[in-house]
Amino acid sequence: MEWEQTLSMIKPDGVARGLIGEVIRRFEAHGLKIRALKMVHLPLDQARAFYAVHKERPFYVSLTHFMSSGPIVAMILAGENAIQVNRDLMGATDYRQAAPGTIRADFARDVEQNLVHGSDSPESAQAEIAFFFNELERV
Ligand code: IDP
Ligand code: MG
């Protein structure tokens, strides 16, 4: 067991649908601690930068427009195995393959508009946390 930090986002669909509280409730109920939190409306160039690892993928243009279509909530979650715990709470990328009881299975009805983002490795967590939060903003 490793104490980790990870970057979570509630995507524009989750914010627009009034699911901020429900998503955060699930994180806290499973022992994840919120160490930073803010609402941001990403300009398109910033959405493109955040998802640069996917720039060759067919869904990149659509995804980056979606991610800049409205405000998102970005947060740092901390806890034992926080990266995997968060991924487990999110469920699979495609909501149709997500395990019952996960955020995506319960709320997403679109592969792209799937409510939440979570870092997938310690390296991406570190880079994604630095993308959103400076030293002063981290508790
Ligand atoms: P993840 O969010 O579960 O880590 P990634 O493969 O990193 O999934 O993809 C990033 C995001 O891109 C997904 O959360 C989803 O919004 C979008 N995405 C991934 N695959 C597809 C697809 O096949 N069609 C449309 N959008 C996709
Ligand atoms: Mg990913």
# chains A, B, ... in the order shown; residues from 1 in each chain; ligands from 1

$ residues_around --residues "Phe133 of chain A" --least-positions-apart "6" --cutoff "10 Å" --atoms "only C-alpha atoms" --output "list of chain:residue names"
A:Leu7, A:Ala36, A:Leu37, A:Lys38, A:Ala74, A:Met75, A:Ile76

$ write_last_selection --atoms "N, CA and C atoms" --output "PDB file, in the first residue's frame"
ATOM      1  N   LEU A   7      -4.891  13.124  -9.722  1.00  0.00           N
ATOM      2  CA  LEU A   7      -5.676  14.261 -10.226  1.00  0.00           C
ATOM      3  C   LEU A   7      -7.013  13.734 -10.728  1.00  0.00           C
ATOM      4  N   ALA A  36      -6.898  19.530  -2.777  1.00  0.00           N
ATOM      5  CA  ALA A  36      -7.003  20.783  -3.543  1.00  0.00           C
ATOM      6  C   ALA A  36      -8.246  20.647  -4.384  1.00  0.00           C
ATOM      7  N   LEU A  37      -8.873  21.799  -4.702  1.00  0.00           N
ATOM      8  CA  LEU A  37     -10.118  21.725  -5.471  1.00  0.00           C
ATOM      9  C   LEU A  37     -10.393  23.085  -6.115  1.00  0.00           C
ATOM     10  N   LYS A  38     -10.746  23.076  -7.389  1.00  0.00           N
ATOM     11  CA  LYS A  38     -11.200  24.319  -8.019  1.00  0.00           C
ATOM     12  C   LYS A  38     -12.024  24.048  -9.264  1.00  0.00           C
ATOM     13  N   ALA A  74     -11.612  20.420 -10.895  1.00  0.00           N
ATOM     14  CA  ALA A  74     -10.347  19.692 -10.767  1.00  0.00           C
ATOM     15  C   ALA A  74     -10.018  19.543  -9.296  1.00  0.00           C
ATOM     16  N   MET A  75      -9.535  18.366  -8.916  1.00  0.00           N
ATOM     17  CA  MET A  75      -9.136  18.170  -7.523  1.00  0.00           C
ATOM     18  C   MET A  75      -7.980  17.212  -7.392  1.00  0.00           C
ATOM     19  N   ILE A  76      -7.236  17.396  -6.317  1.00  0.00           N
ATOM     20  CA  ILE A  76      -6.215  16.424  -5.928  1.00  0.00           C
ATOM     21  C   ILE A  76      -6.837  15.523  -4.873  1.00  0.00           C
TER      22      ILE A  76
END

$ residues_around --residues "segment 92-108 of chain A" --least-positions-apart "4" --cutoff "9 Å" --atoms "only C-alpha atoms" --output "count of residues only"
12

$ residues_around --residues "Phe50 of chain A" --least-positions-apart "4" --cutoff "8 Å" --atoms "only C-alpha atoms" --output "compact mmCIF listing (two decimals) with N, CA, C and O atoms, in the first residue's frame"
# COMPACT_ATOMS: atom_id res chain seq x y z
N GLN A 46 -5.83 24.86 -23.69
CA GLN A 46 -5.46 24.16 -22.45
C GLN A 46 -6.02 22.73 -22.42
O GLN A 46 -5.37 21.80 -21.93
N GLU A 128 -0.25 15.90 -14.11
CA GLU A 128 -1.61 16.46 -14.15
C GLU A 128 -1.90 17.34 -12.94
O GLU A 128 -2.61 18.35 -13.05
N PHE A 131 -0.29 20.56 -13.65
CA PHE A 131 -1.03 21.28 -14.69
C PHE A 131 -2.06 22.23 -14.06
O PHE A 131 -2.25 23.35 -14.52

$ closest_residue --among "A:Phe132, A:Phe66, A:Phe27, A:Trp3" --to "ligand 1" --atoms "only C-alpha atoms and all ligand atoms"
A:Phe66

$ residues_around --residues "Tyr60 of chain A" --least-positions-apart "3" --cutoff "12 Å" --atoms "only C-alpha atoms" --output "list in words"
Leu44, Ala47, Arg48, Ala49, Phe50, Tyr51, Ala52, Val53, His54, Lys55, Glu56, Arg57, Leu63, Thr64, His65, Phe66, Met67 and Glu112 of chain A

$ write_last_selection --atoms "N, CA and C atoms" --output "PDB file, in the first residue's frame"
ATOM      1  N   LEU A  44      -9.756  26.127 -25.067  1.00  0.00           N
ATOM      2  CA  LEU A  44      -9.475  24.989 -25.958  1.00  0.00           C
ATOM      3  C   LEU A  44      -7.993  24.621 -25.984  1.00  0.00           C
ATOM      4  N   ALA A  47      -7.233  22.547 -22.966  1.00  0.00           N
ATOM      5  CA  ALA A  47      -7.777  21.186 -23.081  1.00  0.00           C
ATOM      6  C   ALA A  47      -6.899  20.355 -24.019  1.00  0.00           C
ATOM      7  N   ARG A  48      -6.442  20.970 -25.089  1.00  0.00           N
ATOM      8  CA  ARG A  48      -5.561  20.273 -26.032  1.00  0.00           C
ATOM      9  C   ARG A  48      -4.240  19.886 -25.356  1.00  0.00           C
ATOM     10  N   ALA A  49      -3.711  20.801 -24.546  1.00  0.00           N
ATOM     11  CA  ALA A  49      -2.456  20.524 -23.842  1.00  0.00           C
ATOM     12  C   ALA A  49      -2.647  19.396 -22.824  1.00  0.00           C
ATOM     13  N   PHE A  50      -3.754  19.434 -22.083  1.00  0.00           N
ATOM     14  CA  PHE A  50      -3.981  18.408 -21.059  1.00  0.00           C
ATOM     15  C   PHE A  50      -4.057  17.016 -21.681  1.00  0.00           C
ATOM     16  N   TYR A  51      -4.724  16.912 -22.829  1.00  0.00           N
ATOM     17  CA  TYR A  51      -4.920  15.605 -23.472  1.00  0.00           C
ATOM     18  C   TYR A  51      -3.930  15.356 -24.616  1.00  0.00           C
ATOM     19  N   ALA A  52      -2.779  16.023 -24.572  1.00  0.00           N
ATOM     20  CA  ALA A  52      -1.788  15.894 -25.664  1.00  0.00           C
ATOM     21  C   ALA A  52      -1.374  14.446 -25.926  1.00  0.00           C
ATOM     22  N   VAL A  53      -1.388  13.594 -24.877  1.00  0.00           N
ATOM     23  CA  VAL A  53      -1.021  12.184 -25.092  1.00  0.00           C
ATOM     24  C   VAL A  53      -1.971  11.492 -26.076  1.00  0.00           C
ATOM     25  N   HIS A  54      -3.162  12.048 -26.251  1.00  0.00           N
ATOM     26  CA  HIS A  54      -4.158  11.432 -27.137  1.00  0.00           C
ATOM     27  C   HIS A  54      -4.249  12.132 -28.493  1.00  0.00           C
ATOM     28  N   LYS A  55      -3.256  12.975 -28.824  1.00  0.00           N
ATOM     29  CA  LYS A  55      -3.440  13.831 -30.010  1.00  0.00           C
ATOM     30  C   LYS A  55      -3.529  13.080 -31.332  1.00  0.00           C
ATOM     31  N   GLU A  56      -3.045  11.850 -31.376  1.00  0.00           N
ATOM     32  CA  GLU A  56      -3.170  11.060 -32.612  1.00  0.00           C
ATOM     33  C   GLU A  56      -4.472  10.250 -32.675  1.00  0.00           C
ATOM     34  N   ARG A  57      -5.238  10.273 -31.605  1.00  0.00           N
ATOM     35  CA  ARG A  57      -6.444   9.441 -31.550  1.00  0.00           C
ATOM     36  C   ARG A  57      -7.593  10.106 -32.306  1.00  0.00           C
ATOM     37  N   LEU A  63     -13.023  15.336 -28.193  1.00  0.00           N
ATOM     38  CA  LEU A  63     -12.776  15.307 -26.751  1.00  0.00           C
ATOM     39  C   LEU A  63     -12.337  16.677 -26.236  1.00  0.00           C
ATOM     40  N   THR A  64     -11.426  17.318 -26.941  1.00  0.00           N
ATOM     41  CA  THR A  64     -10.905  18.598 -26.452  1.00  0.00           C
ATOM     42  C   THR A  64     -11.968  19.692 -26.552  1.00  0.00           C
ATOM     43  N   HIS A  65     -12.827  19.637 -27.582  1.00  0.00           N
ATOM     44  CA  HIS A  65     -13.948  20.590 -27.642  1.00  0.00           C
ATOM     45  C   HIS A  65     -14.922  20.343 -26.490  1.00  0.00           C
ATOM     46  N   PHE A  66     -15.233  19.093 -26.245  1.00  0.00           N
ATOM     47  CA  PHE A  66     -16.107  18.754 -25.111  1.00  0.00           C
ATOM     48  C   PHE A  66     -15.519  19.271 -23.796  1.00  0.00           C
ATOM     49  N   MET A  67     -14.224  19.037 -23.592  1.00  0.00           N
ATOM     50  CA  MET A  67     -13.617  19.406 -22.307  1.00  0.00           C
ATOM     51  C   MET A  67     -13.526  20.915 -22.099  1.00  0.00           C
ATOM     52  N   GLU A 112     -17.584   9.312 -24.666  1.00  0.00           N
ATOM     53  CA  GLU A 112     -16.767  10.516 -24.503  1.00  0.00           C
ATOM     54  C   GLU A 112     -17.191  11.309 -23.267  1.00  0.00           C
TER      55      GLU A 112
END

$ residues_around --residues "Leu32 of chain A" --least-positions-apart "2" --cutoff "8 Å" --atoms "only C-alpha atoms" --output "list in words"
Phe27, Glu28, Ala29, His30, Ile34, Leu77, Ala78, Gly79 and Ala82 of chain A

$ closest_atom_pairs --of "chain A" --to "ligand 2" --cutoff "8 Å" --atoms "only C-alpha atoms and all ligand atoms" --output "tab-separated table"
residue	atom	partner	partner_atom_place_in_ligand_line	distance
A:His117	CA	ligand 2	1 (Mg)	6.9
A:Gly118	CA	ligand 2	1 (Mg)	6.7
A:Ser119	CA	ligand 2	1 (Mg)	6.3
A:Asp120	CA	ligand 2	1 (Mg)	5.9

$ write_last_selection --atoms "C-alpha atoms" --output "compact mmCIF listing (two decimals), in the first residue's frame"
# COMPACT_ATOMS: atom_id res chain seq x y z
CA HIS A 117 -11.13 11.88 -15.36
CA GLY A 118 -8.51 10.19 -13.20
CA SER A 119 -4.73 9.95 -13.57
CA ASP A 120 -3.60 6.50 -14.70

$ closest_residue --among "A:Arg109, A:Asn81, A:Met90, A:Ser8" --to "Arg35 of chain A" --atoms "only C-alpha atoms"
A:Ser8

$ residues_around --residues "Val40 of chain A" --least-positions-apart "5" --cutoff "7 Å" --atoms "only C-alpha atoms" --output "VMD selection string"
chain A and resid 71 to 73

$ write_last_selection --atoms "C-alpha atoms" --output "compact mmCIF listing (two decimals), in the first residue's frame"
# COMPACT_ATOMS: atom_id res chain seq x y z
CA PRO A 71 -16.63 24.38 -16.43
CA ILE A 72 -14.92 21.38 -14.88
CA VAL A 73 -13.98 20.67 -11.27

$ closest_residue --among "A:Met1, A:Gly21, A:Val111, A:Asn134" --to "Phe59 of chain A" --atoms "only C-alpha atoms"
A:Val111

$ select_by_dssp --residues "chain A" --states "strand (DSSP E)" --output "list in words"
Trp3, Glu4, Gln5, Thr6, Leu7, Ser8, Met9, Ile10, Lys33, Ile34, Arg35, Ala36, Leu37, Lys38, Met39, Val40, Ile72, Val73, Ala74, Met75, Ile76, Leu77, Ala78, Gly79, Glu80, Val116, His117 and Gly118 of chain A

$ atom_distance --atom1 "atom CA of His41 of chain A" --atom2 "atom CA of Ala125 of chain A"
20.3 Å

$ select_by_dssp --residues "chain A" --states "helix (DSSP H, G or I)" --output "ChimeraX atom specification"
/A:12-16,20-29,44-50,52-54,60-67,82-90,103-107,122-132,135-137

$ closest_residue --among "A:Ile83, A:Asp110, A:Glu123, A:Ala130" --to "Gln5 of chain A" --atoms "only C-alpha atoms"
A:Ile83

$ closest_residue --among "A:Ile24, A:Val15, A:Ile129, A:Leu89" --to "ligand 1" --atoms "only C-alpha atoms and all ligand atoms"
A:Leu89
